[in-house]
file upload.tsv (TSV, C-alpha atoms)
chain	number	residue	atom	x	y	z
A	1	MET	CA	12.38	-9.70	-7.11
A	2	ASN	CA	9.34	-7.75	-5.96
A	3	ARG	CA	7.07	-10.36	-7.49
A	4	ARG	CA	8.24	-12.64	-4.71
A	5	VAL	CA	7.13	-10.24	-2.00
A	6	ASN	CA	3.97	-8.19	-2.30
A	7	LEU	CA	4.94	-4.73	-1.12
A	8	MET	CA	1.44	-3.45	-1.76
A	9	MET	CA	0.13	-5.32	1.25
A	10	GLY	CA	2.06	-3.01	3.51
A	11	LEU	CA	4.62	-5.65	4.46
A	12	VAL	CA	7.46	-3.43	3.42
A	13	ALA	CA	9.96	-5.28	5.55
A	14	LEU	CA	9.76	-8.42	3.46
A	15	GLY	CA	10.59	-6.67	0.23
A	16	LEU	CA	13.53	-5.01	1.93
A	17	ILE	CA	14.73	-8.37	3.23
A	18	VAL	CA	14.99	-9.64	-0.33
A	19	MET	CA	16.75	-6.50	-1.51
A	20	ALA	CA	19.02	-6.36	1.51
A	21	CYS	CA	20.22	-9.89	0.89
A	22	SER	CA	21.39	-8.76	-2.53
A	23	SER	CA	22.75	-5.45	-1.24
A	24	PRO	CA	24.44	-5.77	2.16
A	25	ALA	CA	24.60	-2.01	2.65
A	26	SER	CA	20.84	-1.56	2.65
A	27	ALA	CA	18.74	-1.48	5.81
A	28	PRO	CA	15.03	-2.14	6.42
A	29	LEU	CA	12.42	0.50	6.98
A	30	ALA	CA	9.52	0.31	9.38
A	31	PRO	CA	6.26	-1.16	8.10
A	32	ALA	CA	3.95	1.69	7.18
A	33	LEU	CA	0.19	1.89	7.19
A	34	THR	CA	-1.36	2.95	3.93
A	35	ALA	CA	-4.00	5.65	4.14
A	36	VAL	CA	-7.47	4.42	3.27
A	37	PRO	CA	-8.53	6.02	-0.03
A	38	SER	CA	-11.96	7.15	-1.17
A	39	PRO	CA	-14.76	4.61	-0.65
A	40	VAL	CA	-15.10	1.59	-2.92
A	41	PRO	CA	-17.85	-0.97	-2.21
A	42	ALA	CA	-16.61	-3.93	-0.16
A	43	THR	CA	-17.02	-7.31	-1.83
A	44	VAL	CA	-16.39	-9.78	0.99
A	45	PRO	CA	-18.58	-10.44	4.06
A	46	VAL	CA	-17.25	-9.78	7.53
A	47	ALA	CA	-16.16	-12.85	9.44
A	48	PRO	CA	-18.01	-13.78	12.62
A	49	THR	CA	-16.40	-12.81	15.90
A	50	VAL	CA	-13.92	-15.33	17.22
A	51	PRO	CA	-14.82	-16.51	20.76
A	52	SER	CA	-12.76	-14.77	23.42
A	53	THR	CA	-9.91	-16.66	25.03
A	54	THR	CA	-8.62	-16.53	28.59
A	55	GLN	CA	-5.43	-14.77	27.59
A	56	THR	CA	-4.51	-12.01	30.00
A	57	PRO	CA	-2.99	-8.78	28.70
A	58	ALA	CA	0.28	-7.89	30.31
A	59	ALA	CA	2.70	-5.04	30.15
A	60	GLY	CA	6.31	-5.48	29.14
A	61	PRO	CA	9.37	-3.55	28.03
A	62	MET	CA	8.62	-1.69	24.85
A	63	PHE	CA	12.01	-2.26	23.26
A	64	PRO	CA	13.71	-5.32	24.74
A	65	THR	CA	17.26	-6.13	23.86
A	66	PRO	CA	17.05	-8.08	20.57
A	67	THR	CA	18.49	-11.56	20.43
A	68	LYS	CA	20.72	-12.72	17.63
A	69	GLY	CA	19.02	-14.13	14.57
A	70	THR	CA	18.50	-17.85	14.26
A	71	PRO	CA	20.46	-19.10	11.25
A	72	VAL	CA	18.46	-20.51	8.34
A	73	GLN	CA	19.22	-24.20	8.10
A	74	SER	CA	20.02	-25.93	4.85
A	75	ALA	CA	16.57	-27.55	4.77
A	76	LEU	CA	14.98	-24.07	4.58
A	77	THR	CA	12.07	-25.25	6.71
A	78	CYS	CA	10.02	-22.81	8.74
A	79	PRO	CA	9.22	-23.71	12.34
A	80	PRO	CA	5.70	-25.16	12.74
A	81	VAL	CA	2.96	-22.76	13.80
A	82	THR	CA	2.06	-23.41	17.42
A	83	PRO	CA	-1.03	-22.22	19.34
A	84	LEU	CA	-0.55	-19.17	21.51
A	85	PRO	CA	-0.41	-20.18	25.19
A	86	ALA	CA	-3.48	-19.18	27.16
A	87	ASN	CA	-1.44	-17.01	29.54
A	88	ALA	CA	0.76	-15.38	26.89
A	89	PRO	CA	1.12	-11.57	27.32
A	90	LEU	CA	-0.62	-9.74	24.50
A	91	ALA	CA	0.01	-6.55	22.57
A	92	ALA	CA	-3.55	-6.56	21.21
A	93	ARG	CA	-6.54	-8.79	20.66
A	94	VAL	CA	-8.68	-8.86	17.51
A	95	ASN	CA	-12.09	-10.55	17.65
A	96	GLY	CA	-10.80	-12.57	20.58
A	97	GLN	CA	-7.55	-13.62	18.87
A	98	GLY	CA	-4.38	-12.50	20.62
A	99	ILE	CA	-1.35	-10.81	19.09
A	100	PRO	CA	1.69	-11.85	21.16
A	101	LEU	CA	3.48	-9.08	23.00
A	102	ASP	CA	6.84	-10.70	22.31
A	103	LEU	CA	6.20	-10.58	18.54
A	104	PHE	CA	5.35	-6.88	18.75
A	105	ASN	CA	8.40	-6.20	20.90
A	106	ARG	CA	10.74	-8.06	18.53
A	107	LEU	CA	9.43	-6.25	15.45
A	108	ALA	CA	9.64	-2.90	17.26
A	109	ALA	CA	13.21	-3.60	18.40
A	110	GLN	CA	14.26	-4.70	14.92
A	111	ALA	CA	12.72	-1.63	13.30
A	112	GLN	CA	14.23	0.69	15.91
A	113	ALA	CA	17.68	-0.82	15.38
A	114	ALA	CA	17.34	-0.34	11.64
A	115	MET	CA	16.30	3.30	11.99
A	116	ILE	CA	19.15	4.04	14.37
A	117	GLN	CA	21.50	2.39	11.89
A	118	ASN	CA	20.12	4.79	9.28
A	119	GLY	CA	20.98	7.80	11.44
A	120	LEU	CA	18.00	8.31	13.78
A	121	ASP	CA	18.90	9.82	17.16
A	122	PRO	CA	16.62	8.00	19.64
A	123	LYS	CA	17.33	10.57	22.39
A	124	SER	CA	16.19	13.60	20.41
A	125	ALA	CA	12.63	14.91	20.55
A	126	SER	CA	12.08	14.15	16.87
A	127	GLY	CA	13.64	10.73	17.31
A	128	GLN	CA	11.31	9.94	20.20
A	129	GLU	CA	8.31	11.02	18.13
A	130	THR	CA	9.49	8.92	15.19
A	131	LEU	CA	9.87	5.86	17.40
A	132	LYS	CA	6.42	6.39	18.87
A	133	ASN	CA	4.89	6.56	15.41
A	134	LEU	CA	6.94	3.54	14.40
A	135	LYS	CA	5.48	1.45	17.23
A	136	LEU	CA	1.97	2.59	16.36
A	137	GLN	CA	2.50	1.56	12.74
A	138	ILE	CA	3.83	-1.85	13.72
A	139	LEU	CA	0.91	-2.50	16.07
A	140	GLU	CA	-1.65	-1.45	13.47
A	141	GLN	CA	0.06	-3.59	10.81
A	142	LEU	CA	-0.12	-6.62	13.12
A	143	ILE	CA	-3.81	-5.89	13.65
A	144	ASN	CA	-4.31	-5.65	9.89
A	145	ASP	CA	-2.48	-8.95	9.37
A	146	THR	CA	-4.71	-10.64	11.95
A	147	ILE	CA	-7.91	-9.27	10.41
A	148	ILE	CA	-6.87	-10.35	6.92
A	149	ALA	CA	-5.93	-13.82	8.18
A	150	GLN	CA	-9.32	-14.14	9.92
A	151	GLN	CA	-11.11	-13.18	6.73
A	152	ALA	CA	-9.07	-15.70	4.74
A	153	ASP	CA	-9.90	-18.41	7.27
A	154	TYR	CA	-13.59	-17.47	7.09
A	155	GLN	CA	-13.45	-18.08	3.33
A	156	ALA	CA	-11.51	-21.34	3.73
A	157	MET	CA	-8.40	-19.88	2.10
A	158	ARG	CA	-5.29	-21.61	3.42
A	159	VAL	CA	-1.57	-20.93	3.29
A	160	THR	CA	0.29	-24.19	3.94
A	161	ASP	CA	3.73	-24.74	5.42
A	162	ASP	CA	4.84	-25.85	1.96
A	163	ASP	CA	3.67	-22.51	0.51
A	164	VAL	CA	5.75	-20.58	3.03
A	165	ASN	CA	8.82	-22.80	2.64
A	166	THR	CA	8.61	-22.52	-1.13
A	167	ARG	CA	8.55	-18.72	-0.91
A	168	ILE	CA	11.52	-18.73	1.47
A	169	ALA	CA	13.42	-20.96	-0.96
A	170	GLU	CA	12.62	-18.50	-3.78
A	171	MET	CA	13.95	-15.65	-1.67
A	172	ILE	CA	17.17	-17.56	-1.03
A	173	GLN	CA	17.51	-18.23	-4.74
A	174	ASP	CA	16.96	-14.56	-5.53
A	175	ALA	CA	19.44	-13.51	-2.85
A	176	GLY	CA	22.09	-15.89	-4.11
A	177	SER	CA	22.81	-18.03	-1.05
A	178	ILE	CA	21.60	-19.12	2.36
A	179	GLU	CA	24.59	-17.36	3.88
A	180	LYS	CA	23.38	-13.97	2.64
A	181	LEU	CA	20.02	-14.43	4.29
A	182	ASN	CA	21.69	-15.59	7.50
A	183	GLU	CA	23.91	-12.52	7.42
A	184	TYR	CA	20.86	-10.33	7.08
A	185	LEU	CA	19.03	-12.03	9.95
A	186	THR	CA	22.05	-11.71	12.22
A	187	ARG	CA	22.65	-8.07	11.30
A	188	HIS	CA	19.05	-7.11	12.06
A	189	GLN	CA	18.44	-9.40	15.06
A	190	MET	CA	15.73	-11.36	13.26
A	191	THR	CA	14.85	-14.99	13.76
A	192	LEU	CA	13.86	-17.40	11.06
A	193	GLY	CA	10.53	-17.62	12.84
A	194	ASP	CA	10.03	-13.86	12.44
A	195	LEU	CA	10.74	-14.11	8.74
A	196	CYS	CA	8.37	-17.05	8.34
A	197	THR	CA	5.62	-15.28	10.28
A	198	GLN	CA	5.87	-12.21	8.08
A	199	MET	CA	6.07	-14.31	4.94
A	200	ARG	CA	2.92	-16.21	5.94
A	201	ALA	CA	1.12	-12.90	6.50
A	202	SER	CA	2.30	-11.68	3.11
A	203	LEU	CA	1.02	-14.80	1.34
A	204	VAL	CA	-2.36	-14.55	3.06
A	205	SER	CA	-2.58	-10.89	2.07
A	206	GLU	CA	-1.72	-11.71	-1.53
A	207	MET	CA	-4.50	-14.30	-1.66
A	208	MET	CA	-7.05	-11.92	-0.17
A	209	PHE	CA	-5.93	-9.13	-2.46
A	210	GLU	CA	-6.52	-11.31	-5.52
A	211	ARG	CA	-9.90	-12.43	-4.18
A	212	ILE	CA	-11.10	-8.91	-3.37
A	213	THR	CA	-9.94	-7.29	-6.60
A	214	ALA	CA	-10.64	-10.06	-9.12
A	215	VAL	CA	-14.03	-8.57	-10.04
A	216	LEU	CA	-12.75	-5.07	-10.79
A	217	PRO	CA	-13.04	-4.05	-14.46
A	218	THR	CA	-9.92	-3.42	-16.50
A	219	THR	CA	-11.69	-1.20	-19.06
A	220	GLU	CA	-13.52	2.10	-18.54
A	221	GLU	CA	-14.95	5.00	-20.45
A	222	GLN	CA	-12.12	7.38	-21.32
A	223	VAL	CA	-11.68	10.65	-23.16
A	224	HIS	CA	-8.74	11.82	-25.25
A	225	TRP	CA	-8.50	15.52	-24.55
A	226	ARG	CA	-6.34	18.60	-24.68
A	227	GLN	CA	-6.22	21.79	-22.68
A	228	ILE	CA	-4.96	25.34	-22.44
A	229	LEU	CA	-4.05	26.38	-18.89
A	230	VAL	CA	-3.60	30.07	-18.05
A	231	ALA	CA	-3.31	32.22	-14.93
A	232	THR	CA	-6.22	34.68	-15.30
A	233	PRO	CA	-9.90	34.33	-16.19
A	234	ALA	CA	-9.69	37.18	-18.71
A	235	THR	CA	-6.93	35.41	-20.66
A	236	ALA	CA	-8.87	32.14	-20.53
A	237	GLN	CA	-12.04	33.77	-21.86
A	238	ALA	CA	-10.15	35.46	-24.69
A	239	LEU	CA	-8.49	32.18	-25.73
A	240	ARG	CA	-11.83	30.33	-25.46
A	241	ASP	CA	-13.41	32.83	-27.84
A	242	ARG	CA	-10.54	32.53	-30.32
A	243	ALA	CA	-10.72	28.73	-30.27
A	244	ARG	CA	-14.49	28.83	-30.76
A	245	ARG	CA	-14.06	31.16	-33.74
A	246	GLY	CA	-11.99	28.47	-35.41
A	247	GLU	CA	-8.38	29.21	-34.49
A	248	ASP	CA	-6.27	26.07	-34.12
A	249	PHE	CA	-6.59	24.84	-30.52
A	250	ALA	CA	-3.21	23.09	-30.56
A	251	ALA	CA	-1.46	26.22	-31.83
A	252	LEU	CA	-3.07	28.33	-29.10
A	253	ALA	CA	-1.96	25.79	-26.47
A	254	ARG	CA	1.63	25.79	-27.72
A	255	GLN	CA	1.70	29.58	-27.59
A	256	HIS	CA	-0.20	30.34	-24.37
A	257	SER	CA	-0.59	27.30	-22.10
A	258	LEU	CA	1.24	27.26	-18.78
A	259	ASP	CA	1.14	23.45	-18.56
A	260	GLU	CA	4.72	22.58	-19.46
A	261	THR	CA	3.92	18.86	-19.65
A	262	SER	CA	1.44	19.17	-22.51
A	263	LYS	CA	2.28	22.54	-24.04
A	264	ALA	CA	4.74	21.23	-26.64
A	265	GLN	CA	2.17	18.65	-27.75
A	266	GLY	CA	-0.47	21.27	-28.38
A	267	GLY	CA	-2.10	20.68	-25.02
A	268	ASP	CA	-2.61	16.95	-25.67
A	269	MET	CA	-3.30	15.21	-22.34
A	270	GLY	CA	-3.82	11.72	-23.74
A	271	TRP	CA	-6.52	9.28	-22.65
A	272	THR	CA	-8.03	9.70	-19.17
A	273	PRO	CA	-10.72	7.74	-17.27
A	274	ARG	CA	-13.09	9.18	-14.70
A	275	GLY	CA	-11.84	9.86	-11.21
A	276	VAL	CA	-8.25	10.73	-12.07
A	277	LEU	CA	-8.63	14.48	-12.64
A	278	ASP	CA	-10.00	17.30	-10.54
A	279	PRO	CA	-13.77	16.68	-10.27
A	280	ARG	CA	-14.43	20.04	-11.90
A	281	LEU	CA	-12.57	18.91	-15.02
A	282	ASP	CA	-14.20	15.47	-14.93
A	283	ALA	CA	-17.66	17.01	-14.84
A	284	VAL	CA	-17.01	18.90	-18.07
A	285	LEU	CA	-14.90	16.42	-20.02
A	286	PHE	CA	-17.27	13.49	-19.76
A	287	ASP	CA	-20.26	15.58	-20.92
A	288	LEU	CA	-18.52	17.66	-23.58
A	289	PRO	CA	-19.24	16.63	-27.19
A	290	VAL	CA	-16.20	15.62	-29.26
A	291	GLY	CA	-14.58	18.62	-30.94
A	292	GLN	CA	-16.39	21.26	-28.87
A	293	VAL	CA	-14.45	23.87	-26.87
A	294	SER	CA	-15.50	24.15	-23.23
A	295	GLU	CA	-16.33	27.11	-21.09
A	296	VAL	CA	-13.56	28.29	-18.74
A	297	ILE	CA	-13.02	25.81	-15.88
A	298	THR	CA	-11.48	27.03	-12.63
A	299	THR	CA	-9.33	24.68	-10.51
A	300	ASN	CA	-6.52	25.12	-8.01
A	301	PHE	CA	-4.07	25.00	-10.93
A	302	GLY	CA	-5.58	27.97	-12.75
A	303	TYR	CA	-8.04	28.47	-15.59
A	304	HIS	CA	-8.58	25.75	-18.18
A	305	ILE	CA	-10.10	25.56	-21.63
A	306	VAL	CA	-10.50	21.95	-22.76
A	307	GLN	CA	-11.47	20.09	-25.90
A	308	VAL	CA	-12.37	16.40	-26.20
A	309	MET	CA	-10.65	14.87	-29.22
A	310	ALA	CA	-12.14	11.35	-28.95
A	311	ARG	CA	-14.20	9.19	-26.61
A	312	ASP	CA	-14.08	5.43	-25.95
A	313	LYS	CA	-16.74	3.73	-23.82
A	314	ALA	CA	-14.58	0.71	-22.92
A	315	ARG	CA	-10.90	1.50	-23.35
A	316	PRO	CA	-8.35	-0.70	-21.51
A	317	LEU	CA	-6.89	1.04	-18.48
A	318	PRO	CA	-3.11	1.48	-18.21
A	319	PRO	CA	-1.55	-1.14	-15.88
A	320	GLU	CA	-0.64	1.47	-13.27
A	321	LEU	CA	-4.26	2.66	-13.05
A	322	VAL	CA	-5.54	-0.92	-12.79
A	323	GLN	CA	-3.12	-1.52	-9.93
A	324	ASP	CA	-4.10	1.75	-8.25
A	325	LYS	CA	-7.80	0.86	-8.42
A	326	ARG	CA	-7.09	-2.61	-7.04
A	327	GLN	CA	-5.09	-1.16	-4.17
A	328	ARG	CA	-7.80	1.36	-3.36
A	329	ALA	CA	-10.48	-1.33	-3.39
A	330	PHE	CA	-8.43	-3.59	-1.13
A	331	PHE	CA	-7.71	-0.93	1.47
A	332	GLU	CA	-11.34	0.20	1.45
A	333	TRP	CA	-12.39	-3.42	2.03
A	334	LEU	CA	-9.89	-3.61	4.89
A	335	ARG	CA	-11.25	-0.38	6.38
A	336	VAL	CA	-14.79	-1.75	6.34
A	337	VAL	CA	-13.72	-5.01	7.96
A	338	ARG	CA	-11.67	-3.17	10.60
A	339	ASP	CA	-14.65	-0.97	11.46
A	340	SER	CA	-16.69	-4.06	12.32
A	341	ALA	CA	-13.94	-5.84	14.26
A	342	LYS	CA	-13.50	-5.83	18.02
A	343	ILE	CA	-9.97	-4.52	18.54
A	344	GLU	CA	-8.38	-4.31	21.98
A	345	ARG	CA	-4.94	-2.72	22.38
A	346	PHE	CA	-2.86	-3.50	25.45
A	347	VAL	CA	0.28	-1.48	24.72
A	348	GLN	CA	0.52	2.28	24.59
A	349	PRO	CA	3.24	3.20	22.10
call {"tool": "encode", "arguments": {"input": "upload.tsv", "output": "structure tokens"}}
result
Amino acid sequence: MNRRVNLMMGLVALGLIVMACSSPASAPLAPALTAVPSPVPATVPVAPTVPSTTQTPAAGPMFPTPTKGTPVQSALTCPPVTPLPANAPLAARVNGQGIPLDLFNRLAAQAQAAMIQNGLDPKSASGQETLKNLKLQILEQLINDTIIAQQADYQAMRVTDDDVNTRIAEMIQDAGSIEKLNEYLTRHQMTLGDLCTQMRASLVSEMMFERITAVLPTTEEQVHWRQILVATPATAQALRDRARRGEDFAALARQHSLDETSKAQGGDMGWTPRGVLDPRLDAVLFDLPVGQVSEVITTNFGYHIVQVMARDKARPLPPELVQDKRQRAFFEWLRVVRDSAKIERFVQP
């Protein structure tokens, strides 16, 4: 089901819509911003600034009373995208392009209702702080969606109405019936237009994600290594000396190592690429000759003695590491693009 909706793009609500249609008891969570990881070079140029419009920012109620959801019709056709009126109140503006205040308000109201349904007390101090953070996250996600869409447009990447309608039809098929989706929309005060808007943003994000990360390698230099982890430098030095004198490293690890994950396997840590471990371990492992026992390495976990068992210059990465690297590259690209964008916020969550 998750293949239908790309959770990695930060559009958590869409994935929960699909799951909620299959499980009526579930409720959506607020969209969450993903922290930008360590720098990865950006691979896509920044789009030119969009000319400013005459739209006038306006204040409005932060959490209006939600309206009932608009039932999905049997044709499963999303409403056509219409230009934003010149005088429409805005929540924010990105490179001159407005983000409607009513869209922000609806998403905030829907997310607030869901959190209250999950037990949040909106009158408590912690509840108020949670709702404030929730509104900030929603606003920043809408800004992200707008930036990504602008970049896609700059590169002539298009999501058509047919693309969106096809994805909605797939969601209905996964859920089991149109009625289940309608029930979900009604329960969470969502309109079909809201769903279609979020689905369009998800599809654009998926396209940009594939474009940004297509060039990333799927193989890297890796080492197969093992370790002995102990609590004191004196113990580590004694075990290092014994291993260097020829005692069996694996036997010493099984007897003395504090790492419960690898201890039973004689300290075997498997294959590891650069950048996954503590930098102090990386620095030793990728320079250590195969079979040689290292000096004592100090990290926050304790004192390590390591041995490289094998080295491969171009070993395929595990799928989860490939996905992690792709996600990091995408969010770093987004950070770079955001830094160059002109962002104006007109609501104060």
call {"tool": "atom_distance", "arguments": {"input": "upload.tsv", "atom1": "CA of Glu332 in chain A", "atom2": "CA of Cys196 in chain A"}}
result
27.1 Å
call {"tool": "closest_residue", "arguments": {"input": "upload.tsv", "among": "A:Asn182, A:Asn95, A:Asn165, A:Gln222", "to": "Gln151 in chain A", "atoms": "all atoms listed in the file"}}
result
A:Asn95
call {"tool": "closest_residue", "arguments": {"input": "upload.tsv", "among": "A:Ala175, A:Leu136, A:Val94, A:Met190", "to": "Ala109 in chain A", "atoms": "only C-alpha atoms"}}
result
A:Met190
call {"tool": "residues_around", "arguments": {"input": "upload.tsv", "residues": "Ala201 in chain A", "least_positions_apart": "2", "cutoff": "9 Å", "atoms": "all atoms listed in the file", "output": "MDAnalysis selection string"}}
result
chainID A and resid 11 145:146 148:149 196:199 203:206
call {"tool": "closest_residue", "arguments": {"input": "upload.tsv", "among": "A:Thr77, A:Arg211, A:Gly291, A:His256", "to": "Asp163 in chain A", "atoms": "all atoms listed in the file"}}
result
A:Thr77
call {"tool": "atom_distance", "arguments": {"input": "upload.tsv", "atom1": "CA of Pro273 in chain A", "atom2": "CA of Gly302 in chain A"}}
result
21.4 Å
call {"tool": "residues_around", "arguments": {"input": "upload.tsv", "residues": "Gly127 in chain A", "least_positions_apart": "6", "cutoff": "12 Å", "atoms": "all atoms listed in the file", "output": "list of chain:residue names"}}
result
A:Gln112, A:Met115, A:Ile116, A:Asn118, A:Gly119, A:Leu120, A:Asp121, A:Asn133, A:Leu134
call {"tool": "closest_residue", "arguments": {"input": "upload.tsv", "among": "A:Ile212, A:Leu281, A:Ala92, A:Leu142", "to": "Thr298 in chain A", "atoms": "all atoms listed in the file"}}
result
A:Leu281
call {"tool": "residues_around", "arguments": {"input": "upload.tsv", "residues": "Asp161 in chain A", "least_positions_apart": "6", "cutoff": "9 Å", "atoms": "all atoms listed in the file", "output": "ChimeraX atom specification"}}
result
/A:77-81,200
call {"tool": "residues_around", "arguments": {"input": "upload.tsv", "residues": "Ala231 in chain A", "least_positions_apart": "2", "cutoff": "10 Å", "atoms": "all atoms listed in the file", "output": "number ranges by chain"}}
result
A: 229, 233-236, 257-258, 298, 301-304
call {"tool": "write_last_selection", "arguments": {"input": "upload.tsv", "atoms": "C-alpha atoms", "output": "mmCIF file, in the coordinates of the input"}}
result
data_model
loop_
_atom_site.group_PDB
_atom_site.id
_atom_site.type_symbol
_atom_site.label_atom_id
_atom_site.label_comp_id
_atom_site.auth_asym_id
_atom_site.auth_seq_id
_atom_site.Cartn_x
_atom_site.Cartn_y
_atom_site.Cartn_z
ATOM 1 C CA LEU A 229 -4.050 26.380 -18.890
ATOM 2 C CA PRO A 233 -9.900 34.330 -16.190
ATOM 3 C CA ALA A 234 -9.690 37.180 -18.710
ATOM 4 C CA THR A 235 -6.930 35.410 -20.660
ATOM 5 C CA ALA A 236 -8.870 32.140 -20.530
ATOM 6 C CA SER A 257 -0.590 27.300 -22.100
ATOM 7 C CA LEU A 258 1.240 27.260 -18.780
ATOM 8 C CA THR A 298 -11.480 27.030 -12.630
ATOM 9 C CA PHE A 301 -4.070 25.000 -10.930
ATOM 10 C CA GLY A 302 -5.580 27.970 -12.750
ATOM 11 C CA TYR A 303 -8.040 28.470 -15.590
ATOM 12 C CA HIS A 304 -8.580 25.750 -18.180
#
call {"tool": "decode", "arguments": {"input": "upload.tsv", "residues": "range 227-278 of chain A", "atoms": "C-alpha atoms", "output": "CSV table (one decimal), in the first residue's frame"}}
result
chain,number,residue,atom,x,y,z
A,227,GLN,CA,35.4,-5.7,17.2
A,228,ILE,CA,35.9,-6.2,20.9
A,229,LEU,CA,34.2,-3.5,23.0
A,230,VAL,CA,35.2,-3.0,26.6
A,231,ALA,CA,34.7,-0.4,29.4
A,232,THR,CA,38.3,0.6,30.3
A,233,PRO,CA,41.4,1.5,28.3
A,234,ALA,CA,43.5,-0.9,30.4
A,235,THR,CA,41.3,-3.9,29.5
A,236,ALA,CA,41.3,-2.8,25.8
A,237,GLN,CA,45.1,-2.5,25.7
A,238,ALA,CA,45.5,-5.9,27.3
A,239,LEU,CA,43.1,-7.6,24.8
A,240,ARG,CA,44.8,-5.8,21.9
A,241,ASP,CA,48.2,-7.2,23.0
A,242,ARG,CA,46.8,-10.7,23.3
A,243,ALA,CA,45.2,-10.5,19.9
A,244,ARG,CA,48.4,-9.2,18.4
A,245,ARG,CA,50.3,-12.1,19.9
A,246,GLY,CA,48.1,-14.5,18.0
A,247,GLU,CA,45.3,-15.3,20.3
A,248,ASP,CA,42.0,-15.9,18.4
A,249,PHE,CA,40.2,-12.6,18.0
A,250,ALA,CA,36.8,-14.1,17.8
A,251,ALA,CA,37.3,-16.1,21.0
A,252,LEU,CA,38.5,-13.0,22.8
A,253,ALA,CA,35.4,-11.1,21.6
A,254,ARG,CA,33.0,-13.9,22.7
A,255,GLN,CA,34.6,-13.9,26.2
A,256,HIS,CA,35.2,-10.2,26.8
A,257,SER,CA,33.2,-7.9,24.4
A,258,LEU,CA,30.4,-5.8,25.9
A,259,ASP,CA,28.6,-5.5,22.5
A,260,GLU,CA,25.8,-8.0,22.9
A,261,THR,CA,24.8,-7.7,19.3
A,262,SER,CA,28.0,-9.1,17.9
A,263,LYS,CA,29.5,-10.9,20.9
A,264,ALA,CA,28.0,-14.3,20.1
A,265,GLN,CA,29.4,-14.1,16.6
A,266,GLY,CA,32.9,-13.4,17.7
A,267,GLY,CA,32.6,-9.7,17.3
A,268,ASP,CA,31.5,-10.0,13.6
A,269,MET,CA,29.9,-6.7,12.6
A,270,GLY,CA,29.3,-7.6,8.9
A,271,TRP,CA,29.9,-5.4,5.9
A,272,THR,CA,29.9,-1.6,6.5
A,273,PRO,CA,30.4,1.4,4.1
A,274,ARG,CA,31.9,4.7,5.0
A,275,GLY,CA,29.8,7.2,6.9
A,276,VAL,CA,27.7,4.8,8.9
A,277,LEU,CA,29.9,4.4,12.0
A,278,ASP,CA,31.4,6.8,14.4
